[in-house]
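work_6.cif follows (mmCIF, C-alpha atoms):
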```
data_entry
loop_
_atom_site.label_atom_id
_atom_site.label_comp_id
_atom_site.auth_asym_id
_atom_site.auth_seq_id
_atom_site.Cartn_x
_atom_site.Cartn_y
_atom_site.Cartn_z
CA MET J 159 6.66 -21.67 -25.09
CA GLN J 160 3.55 -23.26 -26.54
CA LYS J 161 5.60 -25.69 -28.59
CA THR J 162 7.63 -26.73 -25.55
CA LEU J 163 4.46 -27.31 -23.56
CA ASN J 164 2.47 -29.21 -26.18
CA ASN J 165 2.80 -32.45 -24.19
CA ILE J 166 1.16 -31.19 -20.99
CA PHE J 167 -1.42 -29.21 -23.00
CA ASP J 168 -2.56 -32.18 -25.06
CA LEU J 169 -2.96 -35.08 -22.63
CA ASP J 170 -6.03 -37.26 -22.99
CA GLU J 171 -5.88 -38.03 -19.26
CA LEU J 172 -6.42 -34.36 -18.39
CA LYS J 173 -9.67 -34.39 -20.37
CA LYS J 174 -11.06 -37.31 -18.35
CA ILE J 175 -9.43 -37.60 -14.90
CA LYS J 176 -10.07 -35.18 -12.08
CA LEU J 177 -6.57 -34.91 -10.62
CA ASN J 178 -7.65 -33.48 -7.25
CA GLU J 179 -9.40 -36.83 -6.68
CA ASP J 180 -6.66 -39.11 -8.04
CA ASP J 181 -3.31 -38.81 -6.26
CA GLU J 182 -1.69 -41.67 -8.17
CA GLN J 183 -2.33 -40.13 -11.57
CA LEU J 184 -1.18 -36.73 -10.25
CA LYS J 185 2.12 -38.19 -9.01
CA ARG J 186 2.71 -39.95 -12.34
CA ILE J 187 2.04 -36.83 -14.40
CA MET J 188 4.19 -34.71 -12.06
CA LYS J 189 7.06 -37.15 -12.60
CA ASP J 190 6.67 -37.75 -16.35
CA TYR J 191 6.13 -34.11 -17.32
CA LEU J 192 8.33 -32.31 -14.77
CA THR J 193 10.11 -30.13 -17.35
CA ASP J 194 6.81 -28.96 -18.81
CA ILE J 195 5.35 -28.37 -15.34
CA LYS J 196 8.29 -26.16 -14.33
CA LEU J 197 7.49 -23.93 -17.30
CA LEU J 198 3.78 -24.11 -16.49
CA SER J 199 4.50 -22.85 -12.96
CA ASN J 200 5.84 -19.57 -14.39
CA MET J 201 2.69 -18.87 -16.40
CA GLU J 202 -0.12 -16.56 -15.28
CA ASP J 203 -3.63 -18.03 -15.25
CA LYS J 204 -4.55 -16.03 -18.39
CA GLN J 205 -1.48 -17.41 -20.20
CA ILE J 206 -2.51 -20.95 -19.27
CA GLU J 207 -6.00 -20.32 -20.62
CA ASP J 208 -4.73 -18.81 -23.91
CA THR J 209 -2.15 -21.58 -24.45
CA LEU J 210 -4.76 -24.27 -23.81
CA ALA J 211 -7.08 -22.67 -26.36
CA ASP J 212 -4.27 -22.51 -28.94
CA SER J 213 -3.02 -26.06 -28.33
CA THR J 214 -6.33 -27.94 -28.37
CA GLU J 215 -9.64 -27.91 -30.18
CA LEU J 216 -11.46 -27.13 -26.95
CA ASN J 217 -13.48 -23.91 -26.86
CA ILE J 218 -13.03 -21.39 -24.07
CA GLY J 219 -15.94 -21.44 -21.64
CA THR J 220 -17.17 -24.93 -22.41
CA PRO J 221 -17.35 -27.50 -19.56
CA GLU J 222 -14.62 -29.58 -21.29
CA PHE J 223 -12.30 -26.56 -21.48
CA GLU J 224 -12.90 -25.60 -17.84
CA PHE J 225 -12.31 -29.22 -16.74
CA TYR J 226 -8.90 -29.31 -18.49
CA LYS J 227 -7.97 -25.84 -17.18
CA GLU J 228 -8.80 -26.85 -13.59
CA ASN J 229 -6.48 -29.85 -13.95
CA LEU J 230 -3.64 -27.62 -15.20
CA THR J 231 -4.19 -25.15 -12.34
CA TYR J 232 -4.17 -28.01 -9.84
CA ILE J 233 -0.88 -29.31 -11.28
CA LYS J 234 0.63 -25.83 -10.96
CA GLN J 235 -0.53 -25.49 -7.34
CA SER J 236 0.74 -28.99 -6.48
CA TYR J 237 4.13 -28.15 -7.95
CA PHE J 238 4.40 -25.02 -5.78
CA ILE J 239 3.52 -27.04 -2.66
CA GLU J 240 6.09 -29.69 -3.54
CA VAL J 241 8.81 -27.11 -4.16
CA LYS J 242 7.99 -25.33 -0.91
CA GLU J 243 8.25 -28.58 1.05
CA GLU J 244 11.66 -29.25 -0.48
CA ASP J 245 12.80 -25.70 0.31
CA THR J 246 11.94 -26.08 3.99
CA LYS J 247 14.36 -28.99 4.24
CA ARG J 248 17.27 -27.01 2.81
CA ILE J 249 18.93 -23.83 4.08
CA ASP J 250 20.89 -22.01 1.39
CA LYS J 251 24.02 -19.95 2.08
CA GLU J 252 22.32 -16.60 1.40
CA THR J 253 19.68 -17.31 4.04
CA LEU J 254 22.36 -18.30 6.57
CA LYS J 255 24.18 -15.02 5.91
CA GLU J 256 21.02 -13.10 6.87
CA LEU J 257 20.83 -14.71 10.32
CA LYS J 258 21.88 -12.59 13.31
CA LEU J 259 23.32 -13.84 16.57
CA ASP J 260 20.62 -12.17 18.69
CA GLU J 261 17.96 -14.08 16.70
CA LEU J 262 19.55 -17.43 17.50
CA THR J 263 20.23 -17.17 21.22
CA ASP J 264 18.68 -15.89 24.42
CA PHE J 265 20.70 -12.79 25.29
CA ALA J 266 18.27 -11.80 28.05
CA ASN J 267 19.38 -14.72 30.23
CA TYR J 268 23.05 -14.72 29.19
CA ASN J 269 25.38 -13.68 32.04
CA GLY J 270 28.71 -14.14 30.31
CA ASP J 271 29.75 -17.09 32.49
CA SER J 272 28.87 -19.85 30.04
CA GLY J 273 29.00 -20.42 26.32
CA LEU J 274 26.18 -19.39 24.01
CA GLU J 275 23.99 -22.27 22.92
CA ILE J 276 22.91 -22.31 19.29
CA ASN J 277 21.40 -25.51 17.97
CA GLN J 278 20.06 -26.67 14.62
CA GLU J 279 16.48 -26.62 15.92
CA LYS J 280 16.72 -22.91 16.71
CA ILE J 281 18.29 -22.17 13.32
CA ASN J 282 15.46 -24.02 11.57
CA GLU J 283 12.88 -22.12 13.61
CA VAL J 284 14.35 -18.70 12.72
CA VAL J 285 14.80 -19.65 9.06
CA ASN J 286 11.19 -20.82 8.79
CA ASP J 287 9.96 -17.57 10.37
CA LYS J 288 11.95 -15.57 7.82
CA ARG J 289 10.60 -17.68 4.98
CA GLU J 290 7.04 -17.17 6.15
CA GLU J 291 7.61 -13.41 6.33
CA LYS J 292 9.06 -13.35 2.80
CA GLU J 293 6.17 -15.47 1.53
CA LYS J 294 3.69 -12.93 2.94
CA TRP J 295 5.21 -10.23 0.73
CA LYS J 296 5.34 -12.20 -2.52
CA ASP J 297 3.32 -10.50 -5.27
CA TYR J 298 0.54 -13.09 -5.10
CA ASN J 299 0.12 -12.61 -1.31
CA VAL J 300 0.77 -8.89 -0.86
CA ILE J 301 -2.87 -7.73 -1.07
CA GLY J 302 -3.96 -10.25 1.57
CA THR J 303 -1.03 -9.30 3.81
CA VAL J 304 -1.72 -5.55 3.67
CA SER J 305 -5.47 -6.10 3.97
CA SER J 306 -4.90 -7.85 7.31
CA LEU J 307 -2.75 -4.90 8.45
CA ILE J 308 -5.00 -1.99 7.48
CA GLY J 309 -8.45 -3.61 7.65
CA ILE J 310 -9.61 -2.72 4.13
CA GLU J 311 -11.15 -5.71 2.36
CA GLU J 312 -9.10 -7.33 -0.43
CA ILE J 313 -11.90 -6.73 -2.93
CA ASN J 314 -11.39 -2.98 -2.40
CA MET J 315 -7.63 -3.09 -3.02
CA GLU J 316 -5.40 -3.18 -6.10
CA TYR J 317 -1.67 -3.89 -6.54
CA ILE J 318 -0.22 -1.86 -9.41
CA SER J 319 3.07 -1.47 -11.27
CA ASN J 320 2.34 1.36 -13.70
CA LEU J 321 0.36 4.57 -14.06
CA SER J 322 -2.31 3.16 -16.39
CA GLU J 323 -3.30 0.56 -13.76
CA TYR J 324 -3.62 3.33 -11.17
CA ILE J 325 -5.78 5.46 -13.46
CA ALA J 326 -7.95 2.42 -14.25
CA PHE J 327 -8.57 1.92 -10.51
CA VAL J 328 -9.47 5.60 -10.00
CA SER J 329 -11.86 5.49 -12.97
CA LYS J 330 -13.82 2.69 -11.26
CA LEU J 331 -14.48 4.65 -8.04
CA ASP J 332 -18.24 5.01 -7.70
CA PRO J 333 -19.19 7.76 -7.35
CA ALA J 334 -15.71 9.18 -8.00
CA GLU J 335 -16.60 12.71 -6.88
CA ASN J 336 -17.20 11.48 -3.31
CA TYR J 337 -13.60 10.37 -2.75
CA VAL J 338 -10.52 12.00 -1.28
CA SER J 339 -7.14 10.30 -1.15
CA ARG J 340 -3.85 10.16 0.71
CA GLY J 341 -0.48 8.74 -0.37
CA GLN J 342 2.07 7.19 2.01
CA LYS J 343 5.51 5.87 1.07
CA ASP J 344 5.20 2.72 3.21
CA CYS J 345 2.05 0.58 3.18
CA THR J 346 2.74 -0.65 6.73
CA TYR J 347 2.64 2.85 8.29
CA ASP J 348 -0.39 3.41 10.48
CA LEU J 349 -2.96 5.93 9.25
CA LEU J 350 -2.71 8.41 12.12
CA PRO J 351 -2.30 12.18 12.55
CA SER J 352 1.16 13.35 13.62
CA LEU J 353 -0.12 14.29 17.09
CA HIS J 354 -1.27 10.70 17.70
CA ARG J 355 2.01 9.30 16.37
CA ARG J 356 4.06 11.28 18.87
CA HIS J 357 1.89 10.93 21.96
CA GLU J 358 -0.13 8.05 23.40
CA LYS J 359 -2.45 10.12 25.60
CA ASP J 360 -3.36 13.67 26.69
CA TYR J 361 -3.70 14.69 23.04
CA GLU J 362 -5.57 17.92 23.74
CA ILE J 363 -2.94 19.09 26.25
CA HIS J 364 -0.12 18.44 23.82
CA ALA J 365 -2.04 20.05 20.93
CA ASP J 366 -2.60 23.25 22.93
CA LYS J 367 1.08 23.49 23.80
CA TYR J 368 2.22 23.03 20.20
CA GLU J 369 -0.33 25.47 18.78
CA ASN J 370 0.13 28.21 21.39
CA GLU J 371 3.88 28.18 20.84
CA PHE J 372 3.35 28.29 17.08
CA LYS J 373 0.95 31.25 17.30
CA GLN J 374 3.39 33.24 19.42
CA LYS J 375 6.42 32.71 17.19
CA ILE J 376 5.03 32.56 13.66
CA ILE J 377 4.03 36.24 13.84
CA TYR J 378 7.70 37.20 13.48
CA TYR J 379 7.86 35.45 10.10
CA ASP J 380 4.39 36.06 8.68
CA ARG J 381 2.52 39.29 9.55
CA GLU J 382 -0.60 38.13 7.69
CA ILE J 383 -1.05 35.32 10.19
CA LYS J 384 -2.95 37.70 12.51
CA GLY J 385 -6.09 37.52 10.38
CA LYS J 386 -6.28 33.75 10.24
CA SER J 387 -8.63 31.59 12.29
CA ASN J 388 -7.43 28.93 14.73
CA GLU J 389 -8.30 26.28 12.16
CA GLU J 390 -6.27 28.01 9.43
CA LEU J 391 -3.33 28.43 11.82
CA ARG J 392 -3.48 24.72 12.62
CA ALA J 393 -3.43 23.86 8.92
CA GLU J 394 -0.52 26.25 8.39
CA GLY J 395 1.43 24.58 11.17
CA GLN J 396 0.53 21.12 9.85
CA HIS J 397 2.16 21.85 6.50
CA PHE J 398 5.39 22.84 8.21
CA GLY J 399 5.55 19.79 10.44
CA LEU J 400 3.71 20.95 13.55
CA PRO J 401 2.05 17.93 15.25
CA THR J 402 -1.73 18.37 14.96
CA GLU J 403 -4.93 16.38 14.97
CA TYR J 404 -5.25 16.87 11.19
CA LEU J 405 -4.55 14.09 8.69
CA ASP J 406 -3.72 15.39 5.19
CA PHE J 407 -5.83 14.30 2.21
CA THR J 408 -6.38 15.69 -1.27
CA GLU J 409 -9.09 15.77 -3.91
CA ALA J 410 -6.44 15.25 -6.62
CA HIS J 411 -5.62 11.54 -6.86
CA LEU J 412 -2.53 11.97 -9.06
CA ILE J 413 -1.15 14.25 -6.35
CA SER J 414 -1.71 11.44 -3.83
CA LEU J 415 0.23 9.08 -6.06
CA LEU J 416 3.08 11.59 -6.26
CA PHE J 417 3.15 11.86 -2.46
CA ALA J 418 3.29 8.07 -2.21
CA ILE J 419 6.28 7.65 -4.53
CA GLU J 420 8.20 10.94 -4.29
CA ASP J 421 10.78 9.14 -2.15
CA TYR J 422 11.31 6.70 -5.03
CA LYS J 423 14.63 5.46 -3.66
CA TYR J 424 12.80 4.01 -0.65
CA THR J 425 12.31 0.40 -1.74
CA GLU J 426 12.10 -1.37 1.61
CA GLN J 427 8.34 -1.58 1.29
CA HIS J 428 5.51 -0.93 -1.18
CA SER J 429 3.80 2.47 -1.16
CA ILE J 430 0.07 2.98 -0.72
CA VAL J 431 -2.69 5.41 -1.68
CA TYR J 432 -5.84 5.42 0.46
CA PHE J 433 -9.17 6.44 -1.09
CA ILE J 434 -11.94 7.41 1.34
CA ASP J 435 -15.58 8.12 0.52
CA SER J 436 -15.60 11.31 2.59
CA PHE J 437 -19.18 12.19 1.61
CA THR J 438 -20.58 9.00 3.16
CA TYR J 439 -18.11 9.22 6.05
CA ASN J 440 -19.30 12.74 6.96
CA PHE J 441 -22.97 11.85 6.62
CA ASP J 442 -22.47 8.87 8.94
CA THR J 443 -20.50 10.93 11.46
CA VAL J 444 -22.12 14.38 11.58
CA SER J 445 -25.28 13.84 9.45
CA LEU J 446 -24.17 16.38 6.84
CA ARG J 447 -24.33 15.62 3.12
CA GLU J 448 -21.00 17.28 2.46
CA LYS J 449 -17.87 15.79 0.97
CA LEU J 450 -15.84 18.37 2.91
CA ILE J 451 -17.17 20.57 5.70
CA ASP J 452 -16.15 24.17 5.03
CA TYR J 453 -14.04 25.23 8.00
CA SER J 454 -13.27 28.60 6.44
CA ASP J 455 -16.87 29.60 7.27
CA PRO J 456 -17.27 30.48 11.00
CA THR J 457 -21.00 29.71 10.94
CA VAL J 458 -20.30 26.19 9.67
CA VAL J 459 -17.64 25.67 12.33
CA GLU J 460 -20.15 26.71 14.98
CA SER J 461 -22.82 24.39 13.58
CA VAL J 462 -20.63 21.29 13.97
CA ARG J 463 -19.22 22.23 17.36
CA ARG J 464 -21.55 19.74 19.03
CA TYR J 465 -19.68 16.98 17.16
CA SER J 466 -16.33 17.84 18.73
CA SER J 467 -15.92 14.26 19.97
CA ARG J 468 -16.13 12.89 16.40
CA SER J 469 -13.83 12.93 13.39
CA TYR J 470 -14.85 14.30 9.98
CA PHE J 471 -13.44 15.65 6.71
CA ILE J 472 -12.97 19.39 6.30
CA LYS J 473 -11.61 22.00 3.89
CA LEU J 474 -10.04 25.35 4.71
CA GLY J 475 -10.05 27.13 1.40
CA ASN J 476 -6.73 28.35 0.02
CA SER J 477 -5.27 29.31 3.39
CA ASN J 478 -1.75 28.78 2.04
CA GLU J 479 0.00 28.01 -1.25
CA ARG J 480 0.55 24.35 -0.51
CA ILE J 481 -3.12 23.66 0.23
CA HIS J 482 -4.01 25.45 -3.00
CA PHE J 483 -1.58 23.56 -5.26
CA GLN J 484 -2.18 20.22 -3.58
CA LYS J 485 -5.99 20.62 -3.60
CA GLY J 486 -5.60 19.80 0.07
CA CYS J 487 -8.20 18.87 2.64
CA PHE J 488 -8.06 17.23 6.06
CA LEU J 489 -9.56 14.58 8.24
CA LYS J 490 -10.01 16.39 11.54
CA VAL J 491 -9.40 13.58 14.01
CA SER J 492 -11.05 13.97 17.38
CA THR J 493 -8.82 13.11 20.32
CA GLN J 494 -11.81 11.22 21.75
CA ASP J 495 -12.55 8.69 19.00
CA LYS J 496 -9.17 7.35 17.92
CA ASP J 497 -10.45 3.80 17.47
CA GLU J 498 -13.82 4.71 15.97
CA PHE J 499 -12.37 6.89 13.21
CA LYS J 500 -10.02 4.11 12.08
CA GLY J 501 -12.94 1.71 11.84
CA LYS J 502 -14.79 4.13 9.59
CA LEU J 503 -11.75 4.66 7.39
CA THR J 504 -11.66 0.93 6.65
CA LYS J 505 -15.44 0.83 6.23
CA TYR J 506 -15.49 3.63 3.65
CA GLY J 507 -12.00 3.08 2.26
CA LYS J 508 -10.24 1.54 -0.70
CA ALA J 509 -6.50 1.32 -1.38
CA VAL J 510 -3.92 0.99 -4.13
CA LEU J 511 -0.57 -0.64 -3.38
CA ILE J 512 2.34 0.55 -5.52
CA ASN J 513 5.01 -2.04 -6.29
CA LYS J 514 8.22 -0.88 -4.60
CA THR J 515 10.29 -1.78 -7.67
CA SER J 516 8.09 0.39 -9.94
CA LYS J 517 8.17 3.69 -8.04
CA LYS J 518 10.79 5.43 -10.20
CA GLU J 519 9.18 4.40 -13.48
CA ILE J 520 5.73 5.58 -12.34
CA LEU J 521 7.27 8.87 -11.19
CA LYS J 522 8.73 9.29 -14.68
CA GLU J 523 5.25 8.74 -16.13
CA LEU J 524 3.87 11.46 -13.84
CA PHE J 525 6.63 13.85 -14.89
CA ASN J 526 5.74 13.18 -18.53
CA LEU J 527 2.20 14.33 -17.68
CA GLY J 528 3.53 17.50 -16.04
CA ILE J 529 2.96 16.31 -12.46
CA THR J 530 6.23 17.22 -10.69
CA PHE J 531 7.54 18.02 -7.20
CA GLU J 532 7.03 21.74 -7.73
CA ASN J 533 3.33 21.08 -8.35
CA ILE J 534 2.88 20.05 -4.72
CA TYR J 535 5.65 22.09 -3.09
CA PRO J 536 5.73 25.49 -4.85
CA ASP J 537 9.15 26.68 -3.74
CA LYS J 538 12.69 27.00 -5.10
CA ASP J 539 13.92 23.82 -3.41
CA ASN J 540 11.39 21.71 -5.26
CA VAL J 541 11.92 23.47 -8.56
CA VAL J 542 15.53 22.29 -8.25
CA LYS J 543 14.39 18.83 -7.10
CA SER J 544 12.18 18.52 -10.19
CA ILE J 545 14.99 19.67 -12.49
CA ARG J 546 17.42 17.17 -10.96
CA PHE J 547 15.00 14.23 -11.30
CA HIS J 548 14.24 15.15 -14.90
CA TYR J 549 17.92 15.40 -15.83
CA GLU J 550 19.44 12.64 -13.66
CA GLU J 551 16.73 9.98 -13.86
CA MET J 552 14.87 10.71 -17.10
CA GLN J 553 17.20 12.31 -19.63
CA ARG J 554 20.33 10.50 -18.51
CA GLY J 555 18.51 7.18 -18.66
CA ASN J 556 17.82 7.81 -22.35
CA ASN J 557 21.39 8.78 -23.24
#
```

Go through the file and emit its structure as structure tokens.
Amino acid sequence: MQKTLNNIFDLDELKKIKLNEDDEQLKRIMKDYLTDIKLLSNMEDKQIEDTLADSTELNIGTPEFEFYKENLTYIKQSYFIEVKEEDTKRIDKETLKELKLDELTDFANYNGDSGLEINQEKINEVVNDKREEKEKWKDYNVIGTVSSLIGIEEINMEYISNLSEYIAFVSKLDPAENYVSRGQKDCTYDLLPSLHRRHEKDYEIHADKYENEFKQKIIYYDREIKGKSNEELRAEGQHFGLPTEYLDFTEAHLISLLFAIEDYKYTEQHSIVYFIDSFTYNFDTVSLREKLIDYSDPTVVESVRRYSSRSYFIKLGNSNERIHFQKGCFLKVSTQDKDEFKGKLTKYGKAVLINKTSKKEILKELFNLGITFENIYPDKDNVVKSIRFHYEEMQRGNN
């Protein structure tokens, strides 16, 4: 590639002329070196820097080198803008196939007495909307897009495609021991407890109904349930799908990654792992210097009762097998501070986005480290699920 690009990487003009201040020279270079610029547009910034260093006598870091590199970057950006402008004038067949009739006409006011009106202006409008949506999810925009959705600043987010990048992010958490994490298969899903997802109000009323019914019926299946506290019963129900005010987290960040990508065939959207500084969160909320408030201790539960209108992170000991194997903990979300708790999650949070096309390969990497489905779901179903993934996706792929 370097040999092909020697022309654009060894132009005297680019050592002297500031292209962002000289449109005429920019247009000339864009025209004369179009083939080279097309190749340049596919290069990462680091590749551009390395190729420039190899192709010239300029030294990295010097003002002359930075001047030339800025010109190359500006050419690349100008090419993208020019291509985008051309694309907006043309509608390809594949895009037309994606259009739906209800997107192009006003069904709400259609009474069946007259023909449907679809004009070129409406088609262009819908096509441009779709293009803008696709552009938002391009690799170079995805962090900004998700940041605007979840509220966590871009500087506190990473977009990864392999396990080593994930581990590198975790290693930079400071201090790492303060953080808990949670994996979700879709980065656009709201960070809410199941009770809040299912109901828009009267949370406490709904919670009481769910939990009372659970307490009455679970006794027939688990005699040991009698000795458990209300908090332990709630956690037990949570792990079997009972809507509660608890939001699952874990202290084991590889487990969070596994949760995020276990449905590896779901490729409609990128996955996400949230990292929350629960120590600082709890100190801000209930003035306790505890990463996780111990809800298996009745005296501790009583001491924080006055904070019932606030949300905070708790642990319940090894109240069931899943909590034990998953190193599970919870954010106990108060029904009275739904908006406030979300603000604090973004304030004390970081996030890793997992490329949707990389989920299966990262899952293979986890399996190679011994992190499998049966590690988080210790039952026969998930032993079989782990065996099937290992044989069907890992061994077969190597045969």

Tell me which protein, DNA and RNA residues are within 10 Å of Ala334 (chain J), counting only C-alpha atoms, leaving out same-chain ones fewer than 6 positions away, and put them as a PyMOL selection string. chain J and resi 328+433+435

Would you translate the PyMOL selection byres ((chain J and resi 493) around 8) into the concrete set of residues it matches in this file, as a list in words?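 Given this file, the PyMOL selection byres ((chain J and resi 493) around 8) evaluates to Tyr361, Glu362, Glu403, Ser467, Val491, Ser492, Gln494, Asp495 and Lys496 of chain J.
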
I need the output of the PyMOL selection byres ((chain J and resi 513) around 8) for this file as a ChimeraX atom specification; which residues are they? /J:317-319,428-429,511-512,514-517

Starting from the displayed file, determine the output of the PyMOL selection byres ((chain J and resi 469) around 7) and express the residue list as a list in words.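 Listing what the PyMOL selection byres ((chain J and resi 469) around 7) selects in the shown file: Arg468, Tyr470, Leu489, Lys490, Val491, Ser492 and Phe499 of chain J.
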
To one decimal place in Å, what is the distance between CA of Asn286 (chain J) and CA of Ile187 (chain J)? 29.6 Å

At a cut-off of 10 Å, using all atoms listed in the file, what residues contact Leu216 (chain J)? Leave out same-chain residues fewer than 6 positions from it and give the result as a short mmCIF file (atom, residue, chain, number, x, y, z; two decimals) with C-alpha atoms, in the frame of the given file.
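Contents of the output file out16.cif:
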```
data_model
loop_
_atom_site.label_atom_id
_atom_site.label_comp_id
_atom_site.auth_asym_id
_atom_site.auth_seq_id
_atom_site.Cartn_x
_atom_site.Cartn_y
_atom_site.Cartn_z
CA LYS J 173 -9.67 -34.39 -20.37
CA LEU J 210 -4.76 -24.27 -23.81
CA GLU J 222 -14.62 -29.58 -21.29
CA PHE J 223 -12.30 -26.56 -21.48
CA GLU J 224 -12.90 -25.60 -17.84
CA TYR J 226 -8.90 -29.31 -18.49
#
```

Every residue with an atom at most 7 Å from (-11.6, -18.7, -24.3) (file coordinates; only C-alpha atoms) is what I'm after, so could you write them as a PyMOL selection string? chain J and resi 207-208+211+217-219

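Our summary of the geometry notes that CA of Gln278 (chain J) is positioned 9.7 Å from CA of Leu262 (chain J).
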
Work out how far CA of Asp360 (chain J) is from CA of His397 (chain J), in Å to one decimal. 22.5 Å

J:Leu350, J:Ile376, J:Ile520, J:Leu450 ranked by distance to Phe417 (chain J), top pick (using all atoms listed in the file):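 Checking each candidate against Phe417 (chain J), we get J:Ile520 as the closest.
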
Val284 (chain J) surroundings by only C-alpha atoms, 12 Å radius, close-in-sequence under 2 positions cut, as a list in words: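 Neighbouring residues, sequence-local ones excluded: Thr246, Ile249, Thr253, Leu254, Glu256, Leu257, Lys258, Leu259, Asp260, Glu261, Leu262, Thr263, Ile276, Asn277, Gln278, Glu279, Lys280, Ile281, Asn282, Asn286, Asp287, Lys288, Arg289, Glu290 and Glu291 of chain J.
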
Would you kindly return, as an NGL selection string, each protein, DNA or RNA residue with an atom no farther than 9 Å from any atom of region 363-370 of chain J, considering only C-alpha atoms and excluding same-chain residues fewer than 6 positions away? :J and (353 or 357 or 388 or 391-392 or 395 or 400-403)

How big is the axis-aligned box, and where does its centre sit, when it encloses all atoms of region 352-362 of chain J listed in the file and has 4 Å added on every side, reported in Å to one decimal as AutoDock Vina command-line options?
```
--center_x -0.8 --center_y 13.0 --center_z 20.2 --size_x 17.6 --size_y 17.9 --size_z 21.1
```

J:Met201, J:Ile206, J:Ile451, J:Leu405 ranked by distance to Arg355 (chain J), top pick (using only C-alpha atoms):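 Using only C-alpha atoms, Arg355 (chain J) sits closest to J:Leu405.
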
Have region 495-500 of chain J completed to all heavy atoms, please, and pass it along as a PDB file, in the frame of the given file.
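Done, and the output landed in out-v8.pdb:
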```
ATOM      1  N   ASP J 495     -12.033   9.865  19.703  1.00  0.00           N
ATOM      2  CA  ASP J 495     -12.550   8.690  19.000  1.00  0.00           C
ATOM      3  C   ASP J 495     -11.484   8.042  18.116  1.00  0.00           C
ATOM      4  O   ASP J 495     -11.735   7.644  16.986  1.00  0.00           O
ATOM      5  CB  ASP J 495     -13.789   9.045  18.174  1.00  0.00           C
ATOM      6  CG  ASP J 495     -13.441   9.751  16.870  1.00  0.00           C
ATOM      7  OD1 ASP J 495     -12.337  10.312  16.768  1.00  0.00           O
ATOM      8  OD2 ASP J 495     -14.275   9.730  15.953  1.00  0.00           O
ATOM      9  N   LYS J 496     -10.294   7.890  18.673  1.00  0.00           N
ATOM     10  CA  LYS J 496      -9.170   7.350  17.920  1.00  0.00           C
ATOM     11  C   LYS J 496      -9.501   6.013  17.276  1.00  0.00           C
ATOM     12  O   LYS J 496      -9.177   5.769  16.113  1.00  0.00           O
ATOM     13  CB  LYS J 496      -7.954   7.208  18.840  1.00  0.00           C
ATOM     14  CG  LYS J 496      -6.700   6.693  18.161  1.00  0.00           C
ATOM     15  CD  LYS J 496      -5.537   6.661  19.129  1.00  0.00           C
ATOM     16  CE  LYS J 496      -4.296   6.085  18.480  1.00  0.00           C
ATOM     17  NZ  LYS J 496      -3.141   6.034  19.411  1.00  0.00           N
ATOM     18  N   ASP J 497     -10.142   5.125  18.000  1.00  0.00           N
ATOM     19  CA  ASP J 497     -10.450   3.800  17.470  1.00  0.00           C
ATOM     20  C   ASP J 497     -11.628   3.836  16.492  1.00  0.00           C
ATOM     21  O   ASP J 497     -11.614   3.163  15.459  1.00  0.00           O
ATOM     22  CB  ASP J 497     -10.768   2.829  18.616  1.00  0.00           C
ATOM     23  CG  ASP J 497      -9.552   2.561  19.484  1.00  0.00           C
ATOM     24  OD1 ASP J 497      -8.431   2.582  18.939  1.00  0.00           O
ATOM     25  OD2 ASP J 497      -9.713   2.354  20.698  1.00  0.00           O
ATOM     26  N   GLU J 498     -12.632   4.651  16.809  1.00  0.00           N
ATOM     27  CA  GLU J 498     -13.820   4.710  15.970  1.00  0.00           C
ATOM     28  C   GLU J 498     -13.497   5.263  14.583  1.00  0.00           C
ATOM     29  O   GLU J 498     -13.987   4.762  13.572  1.00  0.00           O
ATOM     30  CB  GLU J 498     -14.894   5.570  16.628  1.00  0.00           C
ATOM     31  CG  GLU J 498     -16.201   5.600  15.846  1.00  0.00           C
ATOM     32  CD  GLU J 498     -17.262   6.468  16.507  1.00  0.00           C
ATOM     33  OE1 GLU J 498     -17.109   6.770  17.710  1.00  0.00           O
ATOM     34  OE2 GLU J 498     -18.228   6.832  15.820  1.00  0.00           O
ATOM     35  N   PHE J 499     -12.655   6.287  14.514  1.00  0.00           N
ATOM     36  CA  PHE J 499     -12.370   6.890  13.210  1.00  0.00           C
ATOM     37  C   PHE J 499     -11.613   5.906  12.317  1.00  0.00           C
ATOM     38  O   PHE J 499     -11.832   5.865  11.108  1.00  0.00           O
ATOM     39  CB  PHE J 499     -11.598   8.213  13.391  1.00  0.00           C
ATOM     40  CG  PHE J 499     -10.123   8.157  13.140  1.00  0.00           C
ATOM     41  CD1 PHE J 499      -9.610   8.287  11.864  1.00  0.00           C
ATOM     42  CD2 PHE J 499      -9.233   7.984  14.195  1.00  0.00           C
ATOM     43  CE1 PHE J 499      -8.248   8.242  11.627  1.00  0.00           C
ATOM     44  CE2 PHE J 499      -7.874   7.936  13.972  1.00  0.00           C
ATOM     45  CZ  PHE J 499      -7.376   8.069  12.673  1.00  0.00           C
ATOM     46  N   LYS J 500     -10.755   5.081  12.892  1.00  0.00           N
ATOM     47  CA  LYS J 500     -10.020   4.110  12.080  1.00  0.00           C
ATOM     48  C   LYS J 500     -10.957   3.048  11.523  1.00  0.00           C
ATOM     49  O   LYS J 500     -10.802   2.580  10.399  1.00  0.00           O
ATOM     50  CB  LYS J 500      -8.907   3.476  12.909  1.00  0.00           C
ATOM     51  CG  LYS J 500      -7.793   4.451  13.264  1.00  0.00           C
ATOM     52  CD  LYS J 500      -6.612   3.759  13.877  1.00  0.00           C
ATOM     53  CE  LYS J 500      -5.851   2.961  12.873  1.00  0.00           C
ATOM     54  NZ  LYS J 500      -4.621   2.366  13.421  1.00  0.00           N
TER      55      LYS J 500
END
```
